[in-house]
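Contents: one structure, followed by commentary.
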Amino acid sequence: MAHEMAHIKNYDSKVKLTLFALVGSIAVIASTLIATGVAMLTMRIGRQASSFALRDLAAASAPLLRLAARGFQQLPMSRNTCAKNTPTLLTPTGRE
Amino acid sequence: MYRAIERNKRYSIALIVLFALIVIALSTWLSIAGQSPWPAILIIGFTGGYTWWQLRSALKSAAKHAGCVEVSDAQEPKLCRIVENLAIRNGMPRPKVCVIEDAEPNALALGMSPNNALVAATRGLLNSMTPRDSKR
């Protein structure tokens, strides 16, 4: 106990507690910076996606959707159902 | 001993200054990279406030992490008497006395200054103390 009391008197415990506080601060600041970086990156990707990628994705996926719908119509059981419910299939350009 | 005290005070100040310099350098670099003063203002403000709060509450926080439970003279008369005698012998105010519920014999001291400190002993140390130890 005398040894521990000497730590207090010599201010060893002050250095220890200062380190404890600074390490805690560094951990929180690092986490905050990482979270901010991830958020900024996500926002940038989202902005780019809304301006370029979504339009490209829609244009690229239109033939695939058309193909899928055509395949679906060719199924024997679903042909009548499809013909009744979706008589015309419009492409993004408005043509049949 | 006075040299040790002065050295430890210098170390504490040096640690804080070094930390502040690193934070200022990092935030300045981010501000220059982002071409805006806001990252520096936000980081320095947040870091300064949080570190100040951490330094204020470091004693409580460390004691909580170590599992220290403050005890009174009535609860642990032997331990309190030992600590009080040592404090008188060292010419410092009596620190708070805590007990850690652990079977290993150990002790620790925490505190920013002799006026704001605590001394803790584990239950194992208290149980292993002989009557001669408790009279010291």
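Naming scheme: A, B, ... for chains in displayed order of the structure tokens; residues 1 onward per chain; ligands 1 onward as shown.
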
(message) as a PyMOL selection string, please: the residues near Phe20 (chain A) (cut-off 9 Å, only C-alpha atoms, same-chain neighbours under 4 positions excluded).
(response) (chain A and resi 15-16+24-25) or (chain B and resi 54-55+58+62)

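Within 9 Å of region 83-85 of chain B there are A:Met1, A:Ala2, A:Met5, B:Lys78, B:Asn90, B:Pro93, B:Arg94, B:Pro95, B:Val97, B:Val119, B:Arg136, counting only C-alpha atoms and ignoring same-chain residues fewer than 5 positions away.
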
Write out as a PDB file with C-alpha atoms, in the first residue's frame each polymer residue whose atoms come within 6 Å of region 39-53 of chain B, counting only C-alpha atoms; drop sequence neighbours fewer than 3 positions from it.
```pdb
ATOM      1  CA  SER A  25      -9.815  10.212 -26.929  1.00  0.00           C
TER       2      SER A  25
ATOM      3  CA  SER B  27      -7.040  18.703 -39.022  1.00  0.00           C
ATOM      4  CA  THR B  28      -4.989  21.316 -40.896  1.00  0.00           C
ATOM      5  CA  SER B  31      -8.707  21.369 -44.241  1.00  0.00           C
ATOM      6  CA  ARG B  56     -11.894  15.492 -15.954  1.00  0.00           C
TER       7      ARG B  56
END
```

(request) Just the strand (DSSP E) stuff from region 51-96 of chain B, please, per backbone DSSP, written as a ChimeraX atom specification. (result) /B:68-70,96

(request) Work out how far apart CA of Ala20 (chain B) and CA of Ile26 (chain A) are and give it in Å to one decimal. (result) 11.0 Å

(request) Would you give me, as a PyMOL selection string, the residues of chain A that come within 10 Å of chain B, using only C-alpha atoms? (result) chain A and resi 1-26+28-29+32-33

(message) Report, in Å to a single decimal, how far apart CA of Ala30 (chain A) and CA of Leu18 (chain B) are.
(response) 16.5 Å

(request) For CA of Met129 (chain B) and CA of Lys96 (chain B), determine how far apart the two atoms are, in Å to one decimal place. (result) 19.8 Å
